[in-house]
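**Student:** Take a look at upload.csv, CSV, N, CA and C atoms:
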```csv
chain,number,residue,atom,x,y,z
A,191,MET,N,1.4,1.2,8.9
A,191,MET,CA,0.2,0.8,8.3
A,191,MET,C,0.1,-0.7,8.5
A,192,ASP,N,-1.1,-1.1,8.9
A,192,ASP,CA,-1.4,-2.6,9.1
A,192,ASP,C,-1.7,-3.2,7.7
A,193,MET,N,-0.7,-3.8,7.1
A,193,MET,CA,-0.8,-4.4,5.8
A,193,MET,C,-1.9,-5.4,5.8
A,194,ILE,N,-1.9,-6.3,6.8
A,194,ILE,CA,-2.9,-7.4,6.8
A,194,ILE,C,-4.3,-6.8,7.0
A,195,GLY,N,-4.5,-5.7,7.8
A,195,GLY,CA,-5.7,-5.1,7.9
A,195,GLY,C,-6.2,-4.4,6.6
A,196,VAL,N,-5.3,-3.8,5.9
A,196,VAL,CA,-5.7,-3.2,4.6
A,196,VAL,C,-6.1,-4.3,3.7
A,197,LEU,N,-5.4,-5.3,3.5
A,197,LEU,CA,-5.7,-6.4,2.6
A,197,LEU,C,-7.0,-7.1,3.0
A,198,GLY,N,-7.2,-7.2,4.3
A,198,GLY,CA,-8.4,-7.9,4.8
A,198,GLY,C,-9.6,-7.0,4.9
A,199,ASP,N,-9.5,-5.7,4.4
A,199,ASP,CA,-10.6,-4.8,4.4
A,199,ASP,C,-11.1,-4.5,5.8
A,200,ASP,N,-10.2,-4.4,6.8
A,200,ASP,CA,-10.5,-4.0,8.2
A,200,ASP,C,-11.1,-2.6,8.2
A,201,ARG,N,-12.2,-2.5,8.9
A,201,ARG,CA,-12.9,-1.2,9.0
A,201,ARG,C,-11.9,-0.1,9.6
A,202,ARG,N,-11.2,-0.4,10.6
A,202,ARG,CA,-10.3,0.6,11.2
A,202,ARG,C,-9.3,1.1,10.2
A,203,MET,N,-8.7,0.2,9.4
A,203,MET,CA,-7.7,0.5,8.4
A,203,MET,C,-8.4,1.3,7.3
A,204,ARG,N,-9.6,1.0,6.9
A,204,ARG,CA,-10.3,1.7,5.9
A,204,ARG,C,-10.5,3.2,6.3
A,205,ASP,N,-10.8,3.3,7.6
A,205,ASP,CA,-11.0,4.7,8.2
A,205,ASP,C,-9.7,5.5,8.3
A,206,VAL,N,-8.6,4.8,8.6
A,206,VAL,CA,-7.3,5.4,8.7
A,206,VAL,C,-6.9,5.9,7.3
A,207,VAL,N,-7.0,5.0,6.3
A,207,VAL,CA,-6.7,5.4,4.9
A,207,VAL,C,-7.6,6.5,4.4
A,208,ALA,N,-8.9,6.4,4.7
A,208,ALA,CA,-9.8,7.4,4.2
A,208,ALA,C,-9.5,8.8,4.8
A,209,ALA,N,-9.1,8.8,6.1
A,209,ALA,CA,-8.8,10.1,6.8
A,209,ALA,C,-7.6,10.7,6.2
A,210,GLY,N,-6.6,9.9,5.8
A,210,GLY,CA,-5.4,10.4,5.2
A,210,GLY,C,-5.7,11.0,3.8
A,211,LEU,N,-6.5,10.2,3.1
A,211,LEU,CA,-6.8,10.7,1.7
A,211,LEU,C,-7.6,12.0,1.8
A,212,ALA,N,-8.6,12.1,2.7
A,212,ALA,CA,-9.4,13.3,2.9
A,212,ALA,C,-8.6,14.5,3.3
A,213,SER,N,-7.5,14.3,4.0
A,213,SER,CA,-6.6,15.4,4.4
A,213,SER,C,-5.8,15.9,3.3
A,214,GLY,N,-5.7,15.1,2.2
A,214,GLY,CA,-4.9,15.5,1.1
A,214,GLY,C,-3.4,15.2,1.2
A,215,LYS,N,-3.1,14.5,2.3
A,215,LYS,CA,-1.7,14.1,2.5
A,215,LYS,C,-1.3,12.8,1.9
A,216,LEU,N,0.0,12.6,1.8
A,216,LEU,CA,0.5,11.3,1.2
A,216,LEU,C,0.1,10.2,2.2
A,217,VAL,N,-0.5,9.1,1.7
A,217,VAL,CA,-0.8,8.0,2.5
A,217,VAL,C,0.3,6.9,2.3
A,218,SER,N,1.1,6.7,3.3
A,218,SER,CA,2.2,5.8,3.1
A,218,SER,C,2.0,4.6,4.0
A,219,GLY,N,2.6,3.5,3.5
A,219,GLY,CA,2.4,2.2,4.2
A,219,GLY,C,3.6,1.3,4.1
A,220,HIS,N,3.5,0.1,4.5
A,220,HIS,CA,4.6,-0.9,4.4
A,220,HIS,C,4.1,-2.1,3.6
A,221,ALA,N,4.5,-2.2,2.4
A,221,ALA,CA,4.1,-3.3,1.5
A,221,ALA,C,5.2,-4.3,1.2
A,222,ALA,N,6.1,-4.4,2.1
A,222,ALA,CA,7.2,-5.3,1.9
A,222,ALA,C,6.8,-6.7,1.5
A,223,GLY,N,7.3,-7.2,0.4
A,223,GLY,CA,7.0,-8.5,-0.1
A,223,GLY,C,5.8,-8.7,-0.9
A,224,LEU,N,4.9,-7.7,-1.0
A,224,LEU,CA,3.7,-7.8,-1.7
A,224,LEU,C,4.0,-7.8,-3.2
A,225,THR,N,3.3,-8.7,-3.9
A,225,THR,CA,3.4,-8.7,-5.4
A,225,THR,C,2.0,-9.1,-5.9
A,226,GLY,N,1.8,-9.0,-7.2
A,226,GLY,CA,0.6,-9.4,-7.9
A,226,GLY,C,-0.6,-8.8,-7.4
A,227,SER,N,-1.7,-9.7,-7.2
A,227,SER,CA,-3.0,-9.2,-6.8
A,227,SER,C,-3.0,-8.6,-5.4
A,228,GLU,N,-2.2,-9.1,-4.5
A,228,GLU,CA,-2.1,-8.5,-3.2
A,228,GLU,C,-1.6,-7.0,-3.3
A,229,LEU,N,-0.5,-6.8,-4.0
A,229,LEU,CA,0.0,-5.5,-4.2
A,229,LEU,C,-1.0,-4.6,-4.9
A,230,GLN,N,-1.7,-5.0,-5.9
A,230,GLN,CA,-2.7,-4.2,-6.5
A,230,GLN,C,-3.8,-3.8,-5.6
A,231,ALA,N,-4.3,-4.8,-4.7
A,231,ALA,CA,-5.3,-4.5,-3.8
A,231,ALA,C,-4.8,-3.5,-2.8
A,232,TYR,N,-3.6,-3.6,-2.3
A,232,TYR,CA,-3.0,-2.6,-1.4
A,232,TYR,C,-3.0,-1.2,-2.0
A,233,LEU,N,-2.5,-1.1,-3.2
A,233,LEU,CA,-2.5,0.2,-3.9
A,233,LEU,C,-3.9,0.7,-4.2
A,234,ALA,N,-4.8,-0.1,-4.5
A,234,ALA,CA,-6.2,0.3,-4.7
A,234,ALA,C,-6.9,0.9,-3.5
A,235,SER,N,-6.4,0.5,-2.3
A,235,SER,CA,-6.9,1.1,-1.1
A,235,SER,C,-6.7,2.6,-1.0
A,236,GLY,N,-5.7,3.1,-1.7
A,236,GLY,CA,-5.4,4.5,-1.7
A,236,GLY,C,-4.0,4.8,-1.1
A,237,ILE,N,-3.3,3.8,-0.7
A,237,ILE,CA,-1.9,3.9,-0.2
A,237,ILE,C,-1.1,4.1,-1.4
A,238,ASP,N,-0.2,5.2,-1.4
A,238,ASP,CA,0.5,5.5,-2.6
A,238,ASP,C,2.0,5.5,-2.5
A,239,SER,N,2.5,4.9,-1.4
A,239,SER,CA,4.0,4.7,-1.3
A,239,SER,C,4.2,3.7,-0.3
A,240,ASP,N,5.5,3.1,-0.4
A,240,ASP,CA,5.9,2.1,0.6
A,240,ASP,C,7.2,2.6,1.2
A,241,THR,N,7.1,2.8,2.5
A,241,THR,CA,8.2,3.4,3.3
A,241,THR,C,9.4,2.5,3.4
A,242,ARG,N,9.2,1.2,3.1
A,242,ARG,CA,10.3,0.3,3.2
A,242,ARG,C,11.1,0.0,1.9
A,243,SER,N,10.5,0.4,0.8
A,243,SER,CA,11.2,0.2,-0.5
A,243,SER,C,12.3,1.3,-0.6
A,244,SER,N,13.5,0.8,-0.7
A,244,SER,CA,14.6,1.8,-0.7
A,244,SER,C,15.6,1.6,-1.9
A,245,CYS,N,15.3,0.7,-2.8
A,245,CYS,CA,16.1,0.5,-3.9
A,245,CYS,C,15.3,0.4,-5.2
A,246,ARG,N,16.0,0.6,-6.3
A,246,ARG,CA,15.3,0.6,-7.6
A,246,ARG,C,14.7,-0.8,-7.8
A,247,ALA,N,15.3,-1.9,-7.4
A,247,ALA,CA,14.8,-3.2,-7.6
A,247,ALA,C,13.5,-3.5,-7.0
A,248,THR,N,13.2,-2.9,-5.8
A,248,THR,CA,11.9,-3.1,-5.2
A,248,THR,C,10.9,-2.0,-5.5
A,249,CYS,N,11.4,-0.8,-5.7
A,249,CYS,CA,10.4,0.3,-5.9
A,249,CYS,C,9.7,0.3,-7.2
A,250,LEU,N,10.5,0.1,-8.3
A,250,LEU,CA,9.9,0.2,-9.6
A,250,LEU,C,8.9,-0.9,-9.9
A,251,PRO,N,9.2,-2.1,-9.6
A,251,PRO,CA,8.2,-3.2,-9.9
A,251,PRO,C,7.0,-3.0,-9.0
A,252,ALA,N,7.1,-2.5,-7.8
A,252,ALA,CA,6.0,-2.4,-6.9
A,252,ALA,C,5.0,-1.4,-7.4
A,253,PHE,N,5.4,-0.4,-8.0
A,253,PHE,CA,4.5,0.7,-8.3
A,253,PHE,C,4.3,1.0,-9.8
A,254,ALA,N,4.7,0.0,-10.6
A,254,ALA,CA,4.5,0.1,-12.1
A,254,ALA,C,3.4,-0.9,-12.5
A,255,PRO,N,2.2,-0.4,-12.7
A,255,PRO,CA,1.1,-1.3,-13.2
A,255,PRO,C,1.5,-2.1,-14.5
A,256,GLY,N,1.2,-3.3,-14.5
A,256,GLY,CA,1.5,-4.1,-15.7
A,256,GLY,C,2.9,-4.8,-15.6
A,257,SER,N,3.7,-4.4,-14.7
A,257,SER,CA,5.0,-5.0,-14.6
A,257,SER,C,4.9,-6.4,-14.0
A,258,PRO,N,5.9,-7.3,-14.2
A,258,PRO,CA,5.8,-8.7,-13.7
A,258,PRO,C,5.4,-8.8,-12.2
A,259,SER,N,5.8,-7.8,-11.4
A,259,SER,CA,5.5,-7.9,-10.0
A,259,SER,C,4.2,-7.4,-9.6
A,260,SER,N,3.5,-6.6,-10.5
A,260,SER,CA,2.3,-6.0,-10.1
A,260,SER,C,1.1,-6.9,-10.5
```
Hey, can you dump this file as structure tokens for me?

**Tutor:**
Amino acid sequence: MDMIGVLGDDRRMRDVVAAGLASGKLVSGHAAGLTGSELQAYLASGIDSDTRSSCRATCLPAFAPGSPSS
């Protein structure tokens, strides 16, 4: 997933995410290093997982709204 394209509201990335959501499949991306408002914008696009988060320390803060990293 093109993280920069998603955050920049690139039309191609909007179409890719929309197609994934329309298919009912998991829309997975790479949100490595994103926190705060950038992470929230990335999640708001419809992407619901980060394929690079592999440990509790990065997974939980990334996907817990209201946490210090979100």

**Student:** Please compute the atom N of Leu216 of chain A-atom C of Gly198 of chain A distance, one decimal, in Å.

**Tutor:**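 For atom N of Leu216 of chain A relative to atom C of Gly198 of chain A, the distance reads 22.0 Å.
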
**Student:** Quick one: distance from atom CA of Gly226 of chain A to atom CA of Ser239 of chain A in Å, one decimal?

**Tutor:**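 Pair atom CA of Gly226 of chain A / atom CA of Ser239 of chain A returns 15.9 Å.
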
**Student:** Please report the interatomic distance between atom C of Asp205 of chain A and atom C of Gln230 of chain A in Å with one decimal.

**Tutor:**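 Atom C of Asp205 of chain A sits 17.7 Å away from atom C of Gln230 of chain A.
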
**Student:** Quick check for you: according to DSSP on this backbone, which residues of segment 206-241 of chain A are classed as helix (DSSP H, G or I)? Reply as a PyMOL selection string.

**Tutor:** chain A and resi 206-213+226-234

**Student:** Just N, CA and C atoms for this one: save the residues we selected as a CSV table (one decimal), in the coordinates of the input.

**Tutor:**
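Contents of selection14.csv, freshly written:
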```csv
chain,number,residue,atom,x,y,z
A,206,VAL,N,-8.6,4.8,8.6
A,206,VAL,CA,-7.3,5.4,8.7
A,206,VAL,C,-6.9,5.9,7.3
A,207,VAL,N,-7.0,5.0,6.3
A,207,VAL,CA,-6.7,5.4,4.9
A,207,VAL,C,-7.6,6.5,4.4
A,208,ALA,N,-8.9,6.4,4.7
A,208,ALA,CA,-9.8,7.4,4.2
A,208,ALA,C,-9.5,8.8,4.8
A,209,ALA,N,-9.1,8.8,6.1
A,209,ALA,CA,-8.8,10.1,6.8
A,209,ALA,C,-7.6,10.7,6.2
A,210,GLY,N,-6.6,9.9,5.8
A,210,GLY,CA,-5.4,10.4,5.2
A,210,GLY,C,-5.7,11.0,3.8
A,211,LEU,N,-6.5,10.2,3.1
A,211,LEU,CA,-6.8,10.7,1.7
A,211,LEU,C,-7.6,12.0,1.8
A,212,ALA,N,-8.6,12.1,2.7
A,212,ALA,CA,-9.4,13.3,2.9
A,212,ALA,C,-8.6,14.5,3.3
A,213,SER,N,-7.5,14.3,4.0
A,213,SER,CA,-6.6,15.4,4.4
A,213,SER,C,-5.8,15.9,3.3
A,226,GLY,N,1.8,-9.0,-7.2
A,226,GLY,CA,0.6,-9.4,-7.9
A,226,GLY,C,-0.6,-8.8,-7.4
A,227,SER,N,-1.7,-9.7,-7.2
A,227,SER,CA,-3.0,-9.2,-6.8
A,227,SER,C,-3.0,-8.6,-5.4
A,228,GLU,N,-2.2,-9.1,-4.5
A,228,GLU,CA,-2.1,-8.5,-3.2
A,228,GLU,C,-1.6,-7.0,-3.3
A,229,LEU,N,-0.5,-6.8,-4.0
A,229,LEU,CA,0.0,-5.5,-4.2
A,229,LEU,C,-1.0,-4.6,-4.9
A,230,GLN,N,-1.7,-5.0,-5.9
A,230,GLN,CA,-2.7,-4.2,-6.5
A,230,GLN,C,-3.8,-3.8,-5.6
A,231,ALA,N,-4.3,-4.8,-4.7
A,231,ALA,CA,-5.3,-4.5,-3.8
A,231,ALA,C,-4.8,-3.5,-2.8
A,232,TYR,N,-3.6,-3.6,-2.3
A,232,TYR,CA,-3.0,-2.6,-1.4
A,232,TYR,C,-3.0,-1.2,-2.0
A,233,LEU,N,-2.5,-1.1,-3.2
A,233,LEU,CA,-2.5,0.2,-3.9
A,233,LEU,C,-3.9,0.7,-4.2
A,234,ALA,N,-4.8,-0.1,-4.5
A,234,ALA,CA,-6.2,0.3,-4.7
A,234,ALA,C,-6.9,0.9,-3.5
```

**Student:** Step one, run DSSP on the backbone; step two, keep only residues of segment 196-249 of chain A assigned to strand (DSSP E); then write them as a PyMOL selection string.

**Tutor:** chain A and resi 218-219+239-240

**Student:** Using all atoms listed in the file, which protein or nucleic acid residues come within 8 Å of segment 206-214 of chain A? Drop anything in the same chain fewer than 3 positions from it, and give the result as a list in words.

**Tutor:**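 My list of contacting residues is Asp200, Arg201, Arg202, Met203, Val217, Ser218, Ser235, Gly236 and Ile237 of chain A.
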
**Student:** Those residues you just picked out, can you put them in a file as a short mmCIF file (atom, residue, chain, number, x, y, z; two decimals), in the frame of the given file with N, CA and C atoms?

**Tutor:**
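Result file is selection-v2.cif:
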```cif
data_model
loop_
_atom_site.label_atom_id
_atom_site.label_comp_id
_atom_site.auth_asym_id
_atom_site.auth_seq_id
_atom_site.Cartn_x
_atom_site.Cartn_y
_atom_site.Cartn_z
N ASP A 200 -10.20 -4.40 6.80
CA ASP A 200 -10.50 -4.00 8.20
C ASP A 200 -11.10 -2.60 8.20
N ARG A 201 -12.20 -2.50 8.90
CA ARG A 201 -12.90 -1.20 9.00
C ARG A 201 -11.90 -0.10 9.60
N ARG A 202 -11.20 -0.40 10.60
CA ARG A 202 -10.30 0.60 11.20
C ARG A 202 -9.30 1.10 10.20
N MET A 203 -8.70 0.20 9.40
CA MET A 203 -7.70 0.50 8.40
C MET A 203 -8.40 1.30 7.30
N VAL A 217 -0.50 9.10 1.70
CA VAL A 217 -0.80 8.00 2.50
C VAL A 217 0.30 6.90 2.30
N SER A 218 1.10 6.70 3.30
CA SER A 218 2.20 5.80 3.10
C SER A 218 2.00 4.60 4.00
N SER A 235 -6.40 0.50 -2.30
CA SER A 235 -6.90 1.10 -1.10
C SER A 235 -6.70 2.60 -1.00
N GLY A 236 -5.70 3.10 -1.70
CA GLY A 236 -5.40 4.50 -1.70
C GLY A 236 -4.00 4.80 -1.10
N ILE A 237 -3.30 3.80 -0.70
CA ILE A 237 -1.90 3.90 -0.20
C ILE A 237 -1.10 4.10 -1.40
#
```
